[in-house]
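To keep things clear, I will list the structure first and then write my remarks on it.
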Amino acid sequence: ESGMVVGLGTGSTAYFAVERLGQKLASGELTDIVAIPTSVRTKEQAESLGIPLVTLDTHSKLDVAIDGADEVDPDLNLVKGGGGALLREKMVEVRADKFIVIVDESKLCDGLGPGFPLPVEITPFCHEHTLRTIAALPSCAGGNAVLRMGSSSSNVCDGDEIAVTDNGNYIVDLHFTEAIKDAPTMATELKNTVGVVEHGLFCGMTTAGKLHTHLDLFYFQVISLDHALLLQ
């Protein structure tokens, strides 16, 4: 709606949401919108579309954030950050009254882990030590910790240099062959590990959610308030 502060996600799904927002602003259908991007590439896209941008420094409360996800389990826990923007995504999206995640059916799973590696952003300082520490966490047992190489926007190795995020950090991708047994516990253990900046588990951000089909997409709304609305 006009007058909103909007969080703009990162990735292929979020790209189309940003494009659509730009179109609605250009047509005058929406007015007085300001947006907070979650990556350099989303910032550049939004600027090219004439979307007014602000930051959390001036707008700490958002009306809505829109993004995609790499995996979604039945409890609406998410794996995000395949595109390397997990820290900024979480910083922005946790401040939104409504967090809308758009996924297709392929992202729905019975358990997080096997379908998509879990990214963990770490400091460059003593990064090999931090990688080993992560791999040794009880909740991460069975996971293979791999330092991301090449582009930070893909967990597929596409270069010989260590991938560097927009924040100047590195990413460890945790590969699992079996479903993560307790995502909230893993989230806590990772967050409490010195050297870890942020992880791609988005847990505890939902009090309700709905799934429904529309234009061959599955939409659900992750609400950070004590109410839930079906997307119309």
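In the structure tokens, the first chain shown is A, the next is B, and so on; residue numbers restart at 1 for each chain, and ligands run from 1 in the order shown.
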
Residues of region 122-213 of chain A within 12 Å of region 19-40 of chain A: nearest atom pair and distance (Å, one decimal) for each, counting only C-alpha atoms, sorted by chain and number, as a tab-separated table?
residue	atom	partner	partner_atom	distance
A:Ser152	CA	A:Ser39	CA	11.4
A:Ser153	CA	A:Ser39	CA	10.2
A:Thr165	CA	A:Ser39	CA	9.3
A:Asp166	CA	A:Val40	CA	6.8
A:Asn167	CA	A:Ser39	CA	9.3

- [ ] Name the residues in contact with Gly200 (chain A) at a cut-off of 12 Å, using only C-alpha atoms, excluding same-chain residues fewer than 6 positions from it; report them as a ChimeraX atom specification.
- [x] /A:69-72,77-91,112-113,116-122,171-174,183-184,186-188,190-191

- Message: Please list as a list in words every residue within 9 Å of His59 (chain A), counting only C-alpha atoms and excluding residues in the same chain fewer than 3 positions away.
- Response: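 My reading of the contact set: Val5, Ile36, Val54, Thr55, Leu56 and Leu62 of chain A.
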
Just write the chosen residues, N, CA and C atoms, as a compact mmCIF listing (two decimals), in the first residue's frame.
# COMPACT_ATOMS: atom_id res chain seq x y z
N VAL A 5 6.87 1.35 4.26
CA VAL A 5 8.30 1.06 4.23
C VAL A 5 8.43 -0.42 3.89
N ILE A 36 14.01 -0.69 1.65
CA ILE A 36 15.33 -1.04 2.18
C ILE A 36 15.82 -2.29 1.47
N VAL A 54 16.01 3.81 1.58
CA VAL A 54 16.44 4.26 2.89
C VAL A 54 17.19 3.11 3.55
N THR A 55 17.57 3.27 4.80
CA THR A 55 18.25 2.21 5.53
C THR A 55 17.59 2.01 6.89
N LEU A 56 18.01 0.98 7.60
CA LEU A 56 17.52 0.75 8.95
C LEU A 56 17.95 1.86 9.90
N LEU A 62 9.61 -1.70 9.57
CA LEU A 62 9.09 -1.89 8.22
C LEU A 62 7.65 -2.38 8.28

May I have all residues of region 26-228 of chain A that DSSP, computed from the backbone, assigns to strand (DSSP E or B), given as a PyMOL selection string? chain A and resi 34-37+53+62-67+71-72+78-79+96-103+108+118-122+144-147+149+162+170-175+196-199+201-202+212-214+217-223

Taking 6 positions as the minimum chain separation for residues in the same chain, which residues sit within 8 Å of Ser139 (chain A) when counting only C-alpha atoms? Answer as a VMD selection string. chain A and resid 181 to 182 185 to 186 189

Option closest in space to Val101 (chain A), from A:Gly11, A:Gly168, A:Cys126, A:Leu131 [counting only C-alpha atoms] =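 Counting only C-alpha atoms, the residue closest to Val101 (chain A) is A:Gly11.
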
| request: Find the residue from A:Glu44, A:Tyr170, A:Phe16, A:Glu93 that sits nearest to Asn155 (chain A); use only C-alpha atoms when measuring. | output: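 Of A:Glu44, A:Tyr170, A:Phe16, A:Glu93, the one nearest Asn155 (chain A), counting only C-alpha atoms, is A:Tyr170.
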